[in-house]
>>> print(open('protein.cif').read())   # mmCIF, C-alpha atoms
data_structure
loop_
_atom_site.label_atom_id
_atom_site.label_comp_id
_atom_site.auth_asym_id
_atom_site.auth_seq_id
_atom_site.Cartn_x
_atom_site.Cartn_y
_atom_site.Cartn_z
CA MET A 81 -12.42 29.75 3.20
CA ASP A 82 -12.95 27.86 -0.05
CA PRO A 83 -13.85 24.19 0.06
CA LEU A 84 -11.18 21.75 -1.06
CA ILE A 85 -12.35 19.60 -3.94
CA ILE A 86 -10.04 17.10 -5.64
CA GLU A 87 -11.40 14.68 -8.22
CA GLU A 88 -10.41 11.05 -7.94
CA SER A 89 -7.83 9.47 -10.25
CA ILE A 90 -6.63 5.88 -10.79
CA LYS A 91 -4.35 6.09 -7.76
CA THR A 92 -5.83 8.90 -5.65
CA PRO A 93 -9.14 9.48 -3.85
CA THR A 94 -11.87 12.11 -4.08
CA ILE A 95 -11.38 14.85 -1.52
CA SER A 96 -14.32 17.02 -0.57
CA PHE A 97 -13.63 19.23 2.45
CA ASP A 98 -16.22 21.89 3.31
CA SER A 99 -15.20 24.40 5.97
CA SER A 100 -18.69 25.86 6.52
CA SER A 101 -20.40 22.54 7.31
CA GLY A 102 -17.29 20.97 8.86
CA VAL A 103 -17.81 17.82 6.77
CA LEU A 104 -14.52 16.54 5.38
CA GLU A 105 -14.83 13.59 3.09
CA ILE A 106 -12.25 11.28 1.52
CA ARG A 107 -13.46 8.50 -0.77
CA GLY A 108 -12.05 5.96 -3.20
CA LYS A 109 -8.53 4.60 -3.53
CA SER A 110 -5.32 6.03 -2.20
CA ILE A 111 -2.36 4.18 -3.70
CA PRO A 112 0.04 6.80 -5.09
CA GLU A 113 3.75 5.86 -5.01
CA ASN A 114 4.54 9.10 -3.23
CA SER A 115 1.57 10.06 -1.12
CA LEU A 116 3.20 13.29 0.13
CA GLU A 117 2.81 14.86 -3.31
CA PHE A 118 -0.91 14.19 -3.23
CA TYR A 119 -1.57 15.02 0.43
CA LYS A 120 0.46 18.24 0.65
CA PRO A 121 -2.47 20.52 -0.42
CA VAL A 122 -4.78 18.52 1.86
CA PHE A 123 -2.49 19.16 4.84
CA ASP A 124 -2.26 22.85 3.93
CA TRP A 125 -6.03 23.19 3.74
CA LEU A 126 -6.46 21.40 7.06
CA ASP A 127 -3.90 23.64 8.77
CA GLN A 128 -5.86 26.67 7.66
CA TYR A 129 -9.15 25.07 8.64
CA SER A 130 -7.85 24.11 12.09
CA ALA A 131 -7.10 27.75 12.83
CA LYS A 132 -10.80 28.58 12.47
CA PRO A 133 -12.81 25.34 12.28
CA ALA A 134 -16.59 24.82 12.25
CA SER A 135 -18.02 24.12 15.73
CA GLN A 136 -18.38 20.47 14.69
CA THR A 137 -16.11 18.55 12.36
CA GLU A 138 -16.94 15.19 10.85
CA PHE A 139 -14.14 13.46 8.95
CA ARG A 140 -15.76 10.81 6.74
CA VAL A 141 -13.32 8.21 5.48
CA GLN A 142 -14.61 5.77 2.89
CA LEU A 143 -11.61 4.16 1.26
CA GLU A 144 -11.60 1.05 -0.87
CA TYR A 145 -7.81 0.63 -0.75
CA PHE A 146 -4.92 2.57 0.64
CA ASN A 147 -1.21 1.79 0.55
CA THR A 148 1.27 2.09 3.40
CA SER A 149 2.58 5.38 2.00
CA SER A 150 -0.94 6.82 2.35
CA SER A 151 -1.42 5.21 5.76
CA LYS A 152 1.17 7.60 7.17
CA CYS A 153 -0.51 10.61 5.58
CA LEU A 154 -3.88 9.52 6.94
CA LEU A 155 -2.40 9.36 10.41
CA ASP A 156 -1.06 12.89 9.95
CA LEU A 157 -4.54 14.08 8.92
CA PHE A 158 -6.02 12.51 12.05
CA ARG A 159 -3.33 14.12 14.19
CA LYS A 160 -4.10 17.56 12.80
CA LEU A 161 -7.77 17.04 13.65
CA GLU A 162 -6.82 15.72 17.06
CA ALA A 163 -5.01 19.00 17.74
CA ALA A 164 -8.14 20.97 16.81
CA ALA A 165 -10.20 18.72 19.08
CA VAL A 166 -7.79 18.99 22.01
CA SER A 167 -7.68 22.79 21.77
CA GLY A 168 -11.48 22.71 22.04
CA THR A 169 -12.05 24.76 18.91
CA SER A 170 -14.13 22.07 17.23
CA LYS A 171 -15.98 18.96 18.29
CA VAL A 172 -14.34 16.35 16.06
CA LYS A 173 -15.45 12.88 15.11
CA VAL A 174 -14.28 10.37 12.53
CA SER A 175 -16.72 8.20 10.61
CA TRP A 176 -14.77 5.27 9.21
CA PHE A 177 -16.71 3.30 6.60
CA TYR A 178 -15.89 -0.22 5.52
CA GLU A 179 -17.63 -2.76 3.35
CA ALA A 180 -19.23 -5.66 5.19
CA ASP A 181 -16.77 -8.19 3.73
CA ASP A 182 -13.68 -6.06 4.29
CA GLU A 183 -12.17 -7.05 7.62
CA ASP A 184 -8.83 -5.47 6.72
CA MET A 185 -10.43 -2.05 6.30
CA MET A 186 -12.26 -2.47 9.59
CA GLU A 187 -8.97 -3.33 11.29
CA ALA A 188 -7.30 -0.33 9.69
CA GLY A 189 -9.97 1.88 11.29
CA ASP A 190 -9.27 0.16 14.56
CA ASP A 191 -5.52 0.87 14.18
CA TYR A 192 -6.15 4.60 13.86
CA GLN A 193 -8.68 4.57 16.64
CA ALA A 194 -5.96 3.17 18.90
CA LEU A 195 -3.44 5.82 17.85
CA VAL A 196 -5.41 9.07 18.03
CA LYS A 197 -7.57 10.55 20.74
CA ILE A 198 -10.65 11.49 18.77
CA PRO A 199 -13.89 9.54 18.74
CA PHE A 200 -14.17 7.04 15.91
CA GLU A 201 -17.29 5.41 14.62
CA LEU A 202 -16.63 2.30 12.53
CA ILE A 203 -19.56 1.98 10.14
CA LYS A 204 -20.25 -1.20 8.23
CA LEU A 205 -21.65 -0.69 4.73
CA GLU A 206 -24.08 -3.43 3.75
CA GLU A 207 -24.23 -4.37 0.09
CA MET B 137 12.64 -18.87 -42.63
CA PRO B 138 11.83 -20.63 -39.35
CA GLY B 139 11.61 -18.15 -36.46
CA PRO B 140 12.04 -18.55 -32.73
CA ASP B 141 9.70 -20.86 -30.84
CA MET B 142 8.16 -19.48 -27.68
CA TYR B 143 6.05 -22.54 -26.96
CA LYS B 144 8.53 -23.97 -24.46
CA LEU B 145 8.47 -20.77 -22.42
CA PHE B 146 4.70 -20.54 -22.71
CA HIS B 147 4.32 -24.14 -21.60
CA GLN B 148 6.70 -23.64 -18.68
CA MET B 149 4.69 -20.65 -17.50
CA GLU B 150 1.51 -22.67 -17.79
CA GLU B 151 3.11 -25.43 -15.72
CA ASP B 152 4.17 -22.92 -13.11
CA ASP B 153 0.67 -21.35 -13.00
CA ILE B 154 2.02 -17.95 -14.01
CA ILE B 155 -0.78 -15.60 -15.06
CA LEU B 156 1.26 -12.43 -15.39
CA SER B 157 4.94 -11.77 -15.68
CA PHE B 158 7.11 -8.73 -16.30
CA LYS B 159 10.83 -7.97 -16.51
CA GLY B 160 12.19 -4.47 -17.04
CA ALA B 161 12.23 -1.00 -15.55
CA ILE B 162 9.52 -0.35 -12.95
CA THR B 163 7.87 2.98 -13.69
CA LYS B 164 4.78 4.70 -12.29
CA GLU B 165 3.09 4.33 -15.69
CA LEU B 166 3.82 0.60 -15.74
CA LEU B 167 2.34 0.19 -12.25
CA SER B 168 -0.83 2.05 -13.27
CA SER B 169 -1.28 -0.34 -16.20
CA ILE B 170 -0.65 -3.39 -14.04
CA TYR B 171 -3.24 -2.31 -11.42
CA ASP B 172 -5.70 -1.70 -14.21
CA ILE B 173 -5.09 -5.08 -15.87
CA MET B 174 -5.20 -7.02 -12.62
CA GLU B 175 -8.34 -5.27 -11.43
CA GLY B 176 -10.07 -6.22 -14.66
CA ARG B 177 -8.94 -9.84 -14.35
CA LEU B 178 -9.96 -10.10 -10.72
CA ASP B 179 -13.40 -8.75 -11.56
CA ARG B 180 -13.88 -11.56 -14.04
CA MET B 181 -12.70 -14.29 -11.67
CA SER B 182 -15.04 -15.90 -9.24
CA ILE B 183 -13.23 -15.37 -5.97
CA GLU B 184 -14.54 -13.95 -2.73
CA PRO B 185 -14.43 -10.14 -2.52
CA GLN B 186 -12.35 -10.26 0.68
CA ARG B 187 -9.64 -12.35 -0.99
CA LYS B 188 -9.76 -10.19 -4.09
CA LYS B 189 -9.12 -7.11 -1.96
CA LYS B 190 -6.26 -8.75 -0.12
CA PHE B 191 -4.68 -9.77 -3.38
CA TYR B 192 -4.97 -6.31 -4.90
CA HIS B 193 -3.69 -4.66 -1.76
CA ILE B 194 -0.63 -6.93 -1.51
CA LEU B 195 0.05 -6.56 -5.23
CA VAL B 196 0.16 -2.76 -4.88
CA GLU B 197 2.36 -2.97 -1.79
CA SER B 198 4.85 -5.45 -3.25
CA LEU B 199 5.23 -3.55 -6.53
CA GLN B 200 5.65 -0.22 -4.76
CA ASN B 201 8.26 -1.85 -2.57
CA ILE B 202 10.41 -2.59 -5.63
CA PHE B 203 9.54 0.77 -7.18
CA HIS B 204 10.85 2.63 -4.10
CA HIS B 205 13.84 0.33 -3.87
CA MET B 206 14.81 0.92 -7.52
CA GLU B 207 14.60 4.67 -7.02
CA GLY B 208 17.21 4.23 -4.34
CA LEU B 209 19.67 2.70 -6.79
CA ASN B 210 20.15 5.96 -8.68
CA ASP B 211 23.94 5.88 -8.48
CA ILE B 212 23.87 2.86 -10.79
CA ASP B 213 24.17 3.71 -14.48
CA GLU B 214 20.98 4.18 -16.48
CA GLY B 215 20.40 1.15 -18.67
CA ALA B 216 22.35 -1.22 -16.41
CA LYS B 217 20.51 -4.47 -15.75
CA GLU B 218 20.53 -3.74 -12.02
CA LYS B 219 18.01 -0.97 -12.78
CA GLU B 220 15.55 -3.61 -13.87
CA ALA B 221 13.40 -5.85 -11.76
CA MET B 222 10.81 -8.52 -12.30
CA PHE B 223 7.55 -9.72 -10.90
CA MET B 224 5.15 -12.54 -11.45
CA VAL B 225 1.65 -13.38 -10.36
CA GLY B 226 0.78 -17.03 -10.07
CA TYR B 227 -2.56 -18.65 -9.51
CA SER B 228 -3.69 -22.21 -9.16
CA PRO B 229 -6.97 -23.42 -7.70
CA ALA B 230 -5.05 -25.62 -5.24
CA LYS B 231 -2.46 -23.13 -4.06
CA GLY B 232 -4.27 -19.85 -4.57
CA TYR B 233 -2.51 -16.63 -5.50
CA ARG B 234 1.18 -15.96 -5.20
CA ILE B 235 3.04 -12.75 -5.92
CA LEU B 236 6.78 -12.90 -6.60
CA THR B 237 9.16 -10.02 -7.06
CA GLY B 238 12.87 -9.99 -7.90
CA ASN B 239 15.29 -7.10 -7.78
CA PHE B 240 18.94 -6.26 -7.29
CA ILE B 241 20.11 -5.12 -3.90
CA ARG B 242 23.45 -4.00 -2.51
CA THR B 243 25.16 -6.69 -0.44
CA VAL B 244 25.63 -4.17 2.39
CA GLU B 245 21.83 -3.91 2.70
CA VAL B 246 21.19 -7.65 2.77
CA GLN B 247 21.80 -8.34 6.44
CA ALA B 248 19.45 -5.62 7.69
CA LEU B 249 16.72 -6.69 5.26
CA GLU B 250 17.08 -10.34 6.22
CA GLN B 251 16.83 -9.47 9.91
CA LYS B 252 13.74 -7.38 9.26
CA LEU B 253 12.05 -10.23 7.38
CA GLU B 254 13.03 -12.78 10.02
CA LYS B 255 11.68 -10.56 12.75
CA ILE B 256 8.35 -10.17 10.92
CA ASN B 257 8.10 -13.91 10.26
CA ALA B 258 8.64 -14.70 13.92
CA MET B 259 5.61 -12.65 14.96
CA SER B 260 2.08 -13.80 15.71
CA ALA B 261 -0.89 -11.96 14.19
CA GLU B 262 -1.34 -9.99 17.41
CA GLU B 263 2.35 -9.04 17.56
CA LEU B 264 2.25 -7.94 13.93
CA LYS B 265 -0.69 -5.69 14.69
CA GLU B 266 1.16 -4.06 17.58
CA TYR B 267 4.37 -3.76 15.57
CA TYR B 268 2.50 -2.15 12.65
CA ARG B 269 0.83 0.38 14.94
CA GLU B 270 4.10 1.22 16.64
CA LYS B 271 5.89 1.71 13.31
CA LEU B 272 3.00 3.68 11.82
CA SER B 273 3.01 6.15 14.68
CA THR B 274 6.78 6.68 14.66
CA THR B 275 7.80 6.37 11.01
CA GLU B 276 8.56 9.30 8.71
CA LEU B 277 8.01 8.99 4.98
CA SER B 278 11.17 8.82 2.92
CA GLU B 279 11.74 11.47 0.28
CA ARG B 280 10.37 8.97 -2.19
CA GLY B 281 7.23 8.35 -0.17
CA GLY B 282 8.13 4.95 1.29
CA ALA B 283 6.78 4.35 4.78
CA GLY B 284 8.91 1.31 5.65
CA LEU B 285 5.72 -0.56 6.48
CA GLY B 286 5.28 -2.64 3.33
CA PHE B 287 6.61 -6.00 4.56
CA ILE B 288 4.80 -5.74 7.90
CA ASP B 289 1.58 -4.89 6.12
CA MET B 290 1.93 -7.76 3.62
CA ALA B 291 2.63 -10.25 6.40
CA ARG B 292 -0.34 -8.99 8.34
CA LYS B 293 -2.83 -8.96 5.47
CA SER B 294 -1.73 -12.24 3.91
CA GLY B 295 -1.55 -14.09 7.21
CA GLN B 296 1.36 -16.04 5.67
CA LYS B 297 5.07 -16.20 6.26
CA LEU B 298 7.10 -14.10 3.83
CA GLU B 299 9.50 -16.12 1.68
CA TYR B 300 12.75 -14.73 0.39
CA ASN B 301 16.07 -15.59 -1.16
CA PHE B 302 19.31 -13.72 -1.74
CA GLN B 303 21.52 -14.74 -4.65
CA PRO B 304 25.01 -13.24 -4.98
CA VAL B 305 25.33 -11.88 -8.52
CA LYS B 306 28.60 -9.99 -8.57
CA ASP B 307 30.78 -7.89 -6.30
CA GLY B 308 28.58 -5.94 -3.93
CA ILE B 309 25.31 -6.87 -5.63
CA GLN B 310 22.80 -9.62 -4.88
CA PHE B 311 19.46 -10.62 -6.35
CA PHE B 312 16.57 -10.55 -3.88
CA THR B 313 13.58 -12.75 -4.56
CA PHE B 314 10.48 -12.14 -2.48
CA SER B 315 7.34 -14.20 -2.47
CA VAL B 316 4.03 -13.97 -0.67
CA ALA B 317 0.96 -16.19 -0.90
CA ILE B 318 -2.63 -15.07 -0.54
CA ASN B 319 -4.87 -17.93 0.53
#
>>> encode(input="protein.cif", output="structure tokens")
Amino acid sequence: MDPLIIEESIKTPTISFDSSSGVLEIRGKSIPENSLEFYKPVFDWLDQYSAKPASQTEFRVQLEYFNTSSSKCLLDLFRKLEAAAVSGTSKVKVSWFYEADDEDMMEAGDDYQALVKIPFELIKLEE
Amino acid sequence: MPGPDMYKLFHQMEEDDIILSFKGAITKELLSSIYDIMEGRLDRMSIEPQRKKKFYHILVESLQNIFHHMEGLNDIDEGAKEKEAMFMVGYSPAKGYRILTGNFIRTVEVQALEQKLEKINAMSAEELKEYYREKLSTTELSERGGAGLGFIDMARKSGQKLEYNFQPVKDGIQFFTFSVAIN
């Protein structure tokens, strides 16, 4: 299947999902007023991917900001990956990056870690 | 011909440490411009990156709160003043940043909103964390994309009590003022 590439905008992040390598990357800001509009194609791609995933999946999340509307969509992305992990079709891990001074982003990673049953690695980015 | 004098208003805003103020319709385009302006200003100010991020985050959340709320008032006539809202950003070295928003709300919605804010204000940091996680895992996005998590998130990130006021305006309508500090 084709990779999913979405360029970043003022309110939305870069999406770079590659089905052959299993590396799914989201980077930048996610502050759209209605996050469903933005995340709909991402959900669709992930549904297709989950049906036939790579043997290993790494979801790399490196967000500078995200709003509460996006926080719900992020949880839904994690839950879709969780389903793929539980069914045993792919070995899934999440790499959650946060800047060294950004405690809030570290805590956000911790929130998701508590809510989904896939391994999380919280990775501090030094300046 | 002598024209109007805005100095009094300017001076009052200086006194009140207002660095940005807006009154009118809240549109997506307006919000994009505001984020852009505030990001530029924050970059030029010498404040710690962590505080800068908190400020920006809470600004986005508070403005989207009124944006989503205004979308819900679509049975009110276009052009009516109730379709407008306002917000201000204040900063003083002593008191830090403050974000204020003001919008019209139906009186029937006031009690539930007040209870929600009181509940949030009564929580410790740990309780807020648990409450946020619980809400995040059970909430569904509204048609307009609101998650119902904005106030919880602002209380959690600011570490401050949320301040609010309801002012009866006319039959069935009140004015809701909301204020949050970022220290």
>>> residues_around(input="protein.cif", residues="range 168-172 of chain A", least_positions_apart="6", cutoff="12 Å", atoms="only C-alpha atoms", output="PyMOL selection string")
chain A and resi 99+101-104+129-140+158-162+196-201
>>> write_last_selection(input="protein.cif", atoms="C-alpha atoms", output="tab-separated table (two decimals), keeping the file's coordinate frame")
chain	number	residue	atom	x	y	z
A	99	SER	CA	-15.20	24.40	5.97
A	101	SER	CA	-20.40	22.54	7.31
A	102	GLY	CA	-17.29	20.97	8.86
A	103	VAL	CA	-17.81	17.82	6.77
A	104	LEU	CA	-14.52	16.54	5.38
A	129	TYR	CA	-9.15	25.07	8.64
A	130	SER	CA	-7.85	24.11	12.09
A	131	ALA	CA	-7.10	27.75	12.83
A	132	LYS	CA	-10.80	28.58	12.47
A	133	PRO	CA	-12.81	25.34	12.28
A	134	ALA	CA	-16.59	24.82	12.25
A	135	SER	CA	-18.02	24.12	15.73
A	136	GLN	CA	-18.38	20.47	14.69
A	137	THR	CA	-16.11	18.55	12.36
A	138	GLU	CA	-16.94	15.19	10.85
A	139	PHE	CA	-14.14	13.46	8.95
A	140	ARG	CA	-15.76	10.81	6.74
A	158	PHE	CA	-6.02	12.51	12.05
A	159	ARG	CA	-3.33	14.12	14.19
A	160	LYS	CA	-4.10	17.56	12.80
A	161	LEU	CA	-7.77	17.04	13.65
A	162	GLU	CA	-6.82	15.72	17.06
A	196	VAL	CA	-5.41	9.07	18.03
A	197	LYS	CA	-7.57	10.55	20.74
A	198	ILE	CA	-10.65	11.49	18.77
A	199	PRO	CA	-13.89	9.54	18.74
A	200	PHE	CA	-14.17	7.04	15.91
A	201	GLU	CA	-17.29	5.41	14.62
>>> resolve_selection(input="protein.cif", expression="the PyMOL selection byres ((chain A) within 10 of (chain B))", output="short mmCIF file (atom, residue, chain, number, x, y, z; two decimals) with C-alpha atoms, in the coordinates of the input")
data_model
loop_
_atom_site.label_atom_id
_atom_site.label_comp_id
_atom_site.auth_asym_id
_atom_site.auth_seq_id
_atom_site.Cartn_x
_atom_site.Cartn_y
_atom_site.Cartn_z
CA ILE A 90 -6.63 5.88 -10.79
CA LYS A 91 -4.35 6.09 -7.76
CA ILE A 111 -2.36 4.18 -3.70
CA PRO A 112 0.04 6.80 -5.09
CA GLU A 113 3.75 5.86 -5.01
CA ASN A 114 4.54 9.10 -3.23
CA SER A 115 1.57 10.06 -1.12
CA LEU A 116 3.20 13.29 0.13
CA GLU A 117 2.81 14.86 -3.31
CA GLU A 144 -11.60 1.05 -0.87
CA TYR A 145 -7.81 0.63 -0.75
CA PHE A 146 -4.92 2.57 0.64
CA ASN A 147 -1.21 1.79 0.55
CA THR A 148 1.27 2.09 3.40
CA SER A 149 2.58 5.38 2.00
CA SER A 150 -0.94 6.82 2.35
CA SER A 151 -1.42 5.21 5.76
CA LYS A 152 1.17 7.60 7.17
CA CYS A 153 -0.51 10.61 5.58
CA LEU A 155 -2.40 9.36 10.41
CA ASP A 156 -1.06 12.89 9.95
CA GLU A 179 -17.63 -2.76 3.35
CA ALA A 180 -19.23 -5.66 5.19
CA ASP A 181 -16.77 -8.19 3.73
CA ASP A 182 -13.68 -6.06 4.29
CA GLU A 183 -12.17 -7.05 7.62
CA ASP A 184 -8.83 -5.47 6.72
CA MET A 185 -10.43 -2.05 6.30
CA GLU A 187 -8.97 -3.33 11.29
CA ALA A 188 -7.30 -0.33 9.69
CA ASP A 191 -5.52 0.87 14.18
CA TYR A 192 -6.15 4.60 13.86
CA ALA A 194 -5.96 3.17 18.90
CA LEU A 195 -3.44 5.82 17.85
CA VAL A 196 -5.41 9.07 18.03
#
>>> resolve_selection(input="protein.cif", expression="the PyMOL selection byres ((chain A and resi 176) around 8)", output="MDAnalysis selection string")
chainID A and resid 140:142 174:175 177:178 189 200:203
>>> atom_distance(input="protein.cif", atom1="CA of Lys188 in chain B", atom2="CA of Leu143 in chain A")
15.4 Å
>>> atom_distance(input="protein.cif", atom1="CA of Ile318 in chain B", atom2="CA of Tyr233 in chain B")
5.2 Å
>>> resolve_selection(input="protein.cif", expression="the PyMOL selection byres ((chain B and resi 215-217) around 12)", output="ChimeraX atom specification")
/B:159-161,206,209-214,218-222,239-241,305,309,311
>>> atom_distance(input="protein.cif", atom1="CA of Gly295 in chain B", atom2="CA of Val316 in chain B")
9.7 Å
>>> closest_residue(input="protein.cif", among="B:Tyr267, B:Asn319, B:Tyr143, B:Ser157", to="Phe223 in chain B", atoms="only C-alpha atoms")
B:Ser157
